[in-house]
Every structure is written in C-alpha cells, then in structure tokens.
file coords38.json (JSON, N, CA and C atoms)
[["chain", "number", "residue", "atom", "x", "y", "z"],
["A", 1, "MET", "N", 14.07, 44.04, -4.16],
["A", 1, "MET", "CA", 13.49, 43.57, -2.92],
["A", 1, "MET", "C", 12.12, 42.91, -3.17],
["A", 2, "SER", "N", 11.40, 43.38, -4.14],
["A", 2, "SER", "CA", 10.08, 42.82, -4.42],
["A", 2, "SER", "C", 10.20, 41.41, -5.00],
["A", 3, "VAL", "N", 11.32, 41.08, -5.66],
["A", 3, "VAL", "CA", 11.53, 39.74, -6.19],
["A", 3, "VAL", "C", 11.62, 38.73, -5.06],
["A", 4, "ILE", "N", 12.22, 39.12, -3.97],
["A", 4, "ILE", "CA", 12.33, 38.22, -2.81],
["A", 4, "ILE", "C", 10.95, 37.87, -2.27],
["A", 5, "TYR", "N", 10.07, 38.85, -2.21],
["A", 5, "TYR", "CA", 8.71, 38.59, -1.72],
["A", 5, "TYR", "C", 7.96, 37.66, -2.67],
["A", 6, "VAL", "N", 8.14, 37.84, -3.95],
["A", 6, "VAL", "CA", 7.49, 36.98, -4.94],
["A", 6, "VAL", "C", 8.02, 35.55, -4.82],
["A", 7, "LEU", "N", 9.33, 35.40, -4.76],
["A", 7, "LEU", "CA", 9.92, 34.07, -4.64],
["A", 7, "LEU", "C", 9.53, 33.39, -3.33],
["A", 8, "LEU", "N", 9.49, 34.16, -2.26],
["A", 8, "LEU", "CA", 9.10, 33.61, -0.97],
["A", 8, "LEU", "C", 7.65, 33.13, -0.99],
["A", 9, "SER", "N", 6.77, 33.90, -1.58],
["A", 9, "SER", "CA", 5.36, 33.48, -1.63],
["A", 9, "SER", "C", 5.18, 32.27, -2.53],
["A", 10, "ILE", "N", 5.89, 32.21, -3.65],
["A", 10, "ILE", "CA", 5.81, 31.04, -4.53],
["A", 10, "ILE", "C", 6.34, 29.80, -3.83],
["A", 11, "SER", "N", 7.44, 29.93, -3.11],
["A", 11, "SER", "CA", 8.00, 28.77, -2.41],
["A", 11, "SER", "C", 7.07, 28.28, -1.30],
["A", 12, "ILE", "N", 6.39, 29.19, -0.63],
["A", 12, "ILE", "CA", 5.43, 28.78, 0.41],
["A", 12, "ILE", "C", 4.25, 28.05, -0.22],
["A", 13, "ILE", "N", 3.78, 28.52, -1.36],
["A", 13, "ILE", "CA", 2.67, 27.85, -2.05],
["A", 13, "ILE", "C", 3.07, 26.45, -2.50],
["A", 14, "VAL", "N", 4.27, 26.31, -3.04],
["A", 14, "VAL", "CA", 4.75, 24.99, -3.48],
["A", 14, "VAL", "C", 4.92, 24.06, -2.28],
["A", 15, "ALA", "N", 5.45, 24.59, -1.18],
["A", 15, "ALA", "CA", 5.62, 23.78, 0.02],
["A", 15, "ALA", "C", 4.27, 23.32, 0.56],
["A", 16, "LEU", "N", 3.29, 24.19, 0.55],
["A", 16, "LEU", "CA", 1.95, 23.80, 1.01],
["A", 16, "LEU", "C", 1.33, 22.74, 0.10],
["A", 17, "PHE", "N", 1.57, 22.84, -1.20],
["A", 17, "PHE", "CA", 1.07, 21.84, -2.14],
["A", 17, "PHE", "C", 1.66, 20.47, -1.83],
["A", 18, "PHE", "N", 2.98, 20.41, -1.63],
["A", 18, "PHE", "CA", 3.60, 19.11, -1.33],
["A", 18, "PHE", "C", 3.18, 18.59, 0.05],
["A", 19, "PHE", "N", 2.97, 19.47, 0.99],
["A", 19, "PHE", "CA", 2.50, 19.05, 2.31],
["A", 19, "PHE", "C", 1.10, 18.45, 2.21],
["A", 20, "LEU", "N", 0.22, 19.09, 1.45],
["A", 20, "LEU", "CA", -1.12, 18.54, 1.27],
["A", 20, "LEU", "C", -1.10, 17.22, 0.53],
["A", 21, "ALA", "N", -0.23, 17.09, -0.46],
["A", 21, "ALA", "CA", -0.10, 15.81, -1.17],
["A", 21, "ALA", "C", 0.37, 14.72, -0.22],
["A", 22, "PHE", "N", 1.28, 15.05, 0.67],
["A", 22, "PHE", "CA", 1.76, 14.07, 1.66],
["A", 22, "PHE", "C", 0.65, 13.68, 2.61],
["A", 23, "ILE", "N", -0.11, 14.63, 3.10],
["A", 23, "ILE", "CA", -1.21, 14.33, 4.03],
["A", 23, "ILE", "C", -2.26, 13.45, 3.35],
["A", 24, "ILE", "N", -2.57, 13.73, 2.11],
["A", 24, "ILE", "CA", -3.55, 12.92, 1.38],
["A", 24, "ILE", "C", -3.04, 11.49, 1.20],
["A", 25, "SER", "N", -1.76, 11.33, 0.89],
["A", 25, "SER", "CA", -1.22, 9.99, 0.69],
["A", 25, "SER", "C", -1.16, 9.21, 2.00],
["A", 26, "VAL", "N", -0.91, 9.88, 3.11],
["A", 26, "VAL", "CA", -0.92, 9.18, 4.40],
["A", 26, "VAL", "C", -2.34, 8.74, 4.76],
["A", 27, "LYS", "N", -3.31, 9.61, 4.52],
["A", 27, "LYS", "CA", -4.70, 9.26, 4.84],
["A", 27, "LYS", "C", -5.24, 8.16, 3.94],
["A", 28, "SER", "N", -4.71, 8.06, 2.73],
["A", 28, "SER", "CA", -5.19, 7.02, 1.83],
["A", 28, "SER", "C", -4.57, 5.66, 2.13],
["A", 29, "GLY", "N", -3.58, 5.62, 3.03],
["A", 29, "GLY", "CA", -2.99, 4.36, 3.45],
["A", 29, "GLY", "C", -1.78, 3.93, 2.65],
["A", 30, "GLN", "N", -1.17, 4.83, 1.96],
["A", 30, "GLN", "CA", -0.02, 4.45, 1.13],
["A", 30, "GLN", "C", 1.17, 4.02, 1.97],
["A", 31, "TYR", "N", 1.29, 4.52, 3.18],
["A", 31, "TYR", "CA", 2.45, 4.23, 4.01],
["A", 31, "TYR", "C", 2.12, 3.29, 5.16],
["A", 32, "ASP", "N", 1.06, 2.54, 5.06],
["A", 32, "ASP", "CA", 0.65, 1.68, 6.17],
["A", 32, "ASP", "C", 1.65, 0.56, 6.45],
["A", 33, "ASP", "N", 2.04, -0.17, 5.45],
["A", 33, "ASP", "CA", 2.92, -1.31, 5.66],
["A", 33, "ASP", "C", 4.03, -1.28, 4.63],
["A", 34, "SER", "N", 5.23, -1.06, 5.09],
["A", 34, "SER", "CA", 6.34, -0.99, 4.14],
["A", 34, "SER", "C", 7.23, -2.24, 4.19],
["A", 35, "TYR", "N", 7.00, -3.13, 5.14],
["A", 35, "TYR", "CA", 7.87, -4.30, 5.27],
["A", 35, "TYR", "C", 7.32, -5.50, 4.52],
["A", 36, "THR", "N", 6.06, -5.77, 4.65],
["A", 36, "THR", "CA", 5.47, -6.97, 4.05],
["A", 36, "THR", "C", 5.60, -7.02, 2.53],
["A", 37, "PRO", "N", 5.34, -5.93, 1.81],
["A", 37, "PRO", "CA", 5.48, -6.04, 0.35],
["A", 37, "PRO", "C", 6.88, -6.40, -0.11],
["A", 38, "SER", "N", 7.88, -6.03, 0.66],
["A", 38, "SER", "CA", 9.25, -6.33, 0.24],
["A", 38, "SER", "C", 9.58, -7.81, 0.40],
["A", 39, "ILE", "N", 8.90, -8.51, 1.29],
["A", 39, "ILE", "CA", 9.18, -9.94, 1.48],
["A", 39, "ILE", "C", 8.08, -10.83, 0.94],
["A", 40, "ARG", "N", 7.01, -10.23, 0.41],
["A", 40, "ARG", "CA", 5.87, -11.02, -0.07],
["A", 40, "ARG", "C", 6.27, -11.96, -1.20],
["A", 41, "MET", "N", 7.18, -11.50, -2.06],
["A", 41, "MET", "CA", 7.56, -12.35, -3.19],
["A", 41, "MET", "C", 8.32, -13.60, -2.73],
["A", 42, "LEU", "N", 8.89, -13.58, -1.54],
["A", 42, "LEU", "CA", 9.61, -14.74, -1.04],
["A", 42, "LEU", "C", 8.66, -15.84, -0.59],
["A", 43, "PHE", "N", 7.47, -15.47, -0.15],
["A", 43, "PHE", "CA", 6.52, -16.44, 0.41],
["A", 43, "PHE", "C", 5.28, -16.61, -0.44],
["A", 44, "GLU", "N", 5.24, -16.05, -1.62],
["A", 44, "GLU", "CA", 4.03, -16.09, -2.44],
["A", 44, "GLU", "C", 3.66, -17.51, -2.85],
["A", 45, "ASP", "N", 4.63, -18.32, -3.20],
["A", 45, "ASP", "CA", 4.32, -19.68, -3.62],
["A", 45, "ASP", "C", 3.68, -20.49, -2.50],
["A", 46, "GLU", "N", 4.16, -20.32, -1.28],
["A", 46, "GLU", "CA", 3.58, -21.04, -0.15],
["A", 46, "GLU", "C", 2.14, -20.62, 0.07],
["A", 47, "LEU", "N", 1.86, -19.32, -0.07],
["A", 47, "LEU", "CA", 0.49, -18.86, 0.14],
["A", 47, "LEU", "C", -0.44, -19.38, -0.94],
["A", 48, "VAL", "N", 0.03, -19.45, -2.16],
["A", 48, "VAL", "CA", -0.79, -19.95, -3.25],
["A", 48, "VAL", "C", -1.07, -21.43, -3.05],
["A", 49, "GLN", "N", -0.08, -22.19, -2.64],
["A", 49, "GLN", "CA", -0.28, -23.62, -2.43],
["A", 49, "GLN", "C", -1.23, -23.87, -1.27],
["A", 50, "LYS", "N", -1.10, -23.11, -0.20],
["A", 50, "LYS", "CA", -1.99, -23.29, 0.93],
["A", 50, "LYS", "C", -3.42, -22.94, 0.57],
["A", 51, "SER", "N", -3.61, -21.87, -0.17],
["A", 51, "SER", "CA", -4.96, -21.47, -0.52],
["A", 51, "SER", "C", -5.58, -22.47, -1.49],
["A", 52, "SER", "N", -4.79, -23.03, -2.39],
["A", 52, "SER", "CA", -5.35, -24.02, -3.30],
["A", 52, "SER", "C", -5.70, -25.31, -2.56],
["A", 53, "LYS", "N", -4.93, -25.66, -1.55],
["A", 53, "LYS", "CA", -5.25, -26.86, -0.76],
["A", 53, "LYS", "C", -6.53, -26.65, 0.02],
["A", 54, "THR", "N", -6.71, -25.45, 0.57],
["A", 54, "THR", "CA", -7.94, -25.21, 1.32],
["A", 54, "THR", "C", -9.14, -25.19, 0.40],
["A", 55, "GLN", "N", -8.99, -24.70, -0.81],
["A", 55, "GLN", "CA", -10.09, -24.72, -1.77],
["A", 55, "GLN", "C", -10.42, -26.16, -2.16],
["A", 56, "GLU", "N", -9.41, -27.00, -2.34],
["A", 56, "GLU", "CA", -9.65, -28.40, -2.69],
["A", 56, "GLU", "C", -10.35, -29.11, -1.54],
["A", 57, "SER", "N", -9.93, -28.83, -0.31],
["A", 57, "SER", "CA", -10.57, -29.49, 0.83],
["A", 57, "SER", "C", -12.02, -29.03, 0.98],
["A", 58, "LYS", "N", -12.31, -27.78, 0.66],
["A", 58, "LYS", "CA", -13.69, -27.30, 0.70],
["A", 58, "LYS", "C", -14.54, -27.99, -0.36],
["A", 59, "LYS", "N", -13.96, -28.19, -1.54],
["A", 59, "LYS", "CA", -14.70, -28.88, -2.60],
["A", 59, "LYS", "C", -14.98, -30.32, -2.21],
["A", 60, "ILE", "N", -14.01, -30.97, -1.58],
["A", 60, "ILE", "CA", -14.20, -32.36, -1.15],
["A", 60, "ILE", "C", -15.29, -32.44, -0.09],
["A", 61, "GLU", "N", -15.29, -31.49, 0.86],
["A", 61, "GLU", "CA", -16.30, -31.49, 1.90],
["A", 61, "GLU", "C", -17.69, -31.25, 1.31],
["A", 62, "GLN", "N", -17.78, -30.40, 0.31],
["A", 62, "GLN", "CA", -19.07, -30.13, -0.30],
["A", 62, "GLN", "C", -19.59, -31.35, -1.05],
["A", 63, "THR", "N", -18.69, -32.09, -1.71],
["A", 63, "THR", "CA", -19.14, -33.28, -2.42],
["A", 63, "THR", "C", -19.56, -34.37, -1.43],
["A", 64, "LYS", "N", -18.92, -34.44, -0.28],
["A", 64, "LYS", "CA", -19.30, -35.42, 0.74],
["A", 64, "LYS", "C", -20.67, -35.10, 1.29],
["A", 65, "MET", "N", -21.00, -33.81, 1.43],
["A", 65, "MET", "CA", -22.29, -33.43, 1.97],
["A", 65, "MET", "C", -23.41, -33.71, 1.00],
["A", 66, "ASN", "N", -23.12, -33.65, -0.27],
["A", 66, "ASN", "CA", -24.17, -33.87, -1.29],
["A", 66, "ASN", "C", -24.30, -35.33, -1.48]]
call {"tool": "encode", "arguments": {"input": "coords38.json", "output": "structure tokens"}}
result
Amino acid sequence: MSVIYVLLSISIIVALFFFLAFIISVKSGQYDDSYTPSIRMLFEDELVQKSSKTQESKKIEQTKMN
C-alpha cells in the first residue's frame, strides 16, 4: 500500500513539472501564432523583393535630396 502513495506523489510532482513548463512556454509566446510560420515560406520571396525595392527607393530619394 505504501508503494501506491509513493507512485502517486511522484506522478503528481511530474505532472506539476510539465504543467509549469507549459505555463512558462505560453507566457514566453511560443504559441502565439501557429498559422503564419507554416505559410511564410510560400510568400518569402515576395517579401524580400518588396523590401529590397523599398530600400532602393529610399536610397534614390536620399541621393535626390543631397
């Protein structure tokens, strides 16, 4: 009968450890957005091209001002 108490207390401690690990991961923002990362690779090239165009236009504007 004492083995049951030992196993029960160990299982409660392990469960509390995993619960705390889950709470910490939620607070750190690990589960904030699960949809965008899965489709980001489909649109990455467009984002890179747009950002490079905006950087080029900023450089052109700066040279015009000088």
call {"tool": "atom_distance", "arguments": {"input": "coords38.json", "atom1": "atom N of Phe18 of chain A", "atom2": "atom C of Pro37 of chain A"}}
result
27.1 Å
call {"tool": "atom_distance", "arguments": {"input": "coords38.json", "atom1": "atom N of Met1 of chain A", "atom2": "atom N of Ile13 of chain A"}}
result
18.8 Å
call {"tool": "atom_distance", "arguments": {"input": "coords38.json", "atom1": "atom N of Leu20 of chain A", "atom2": "atom N of Ser2 of chain A"}}
result
27.3 Å
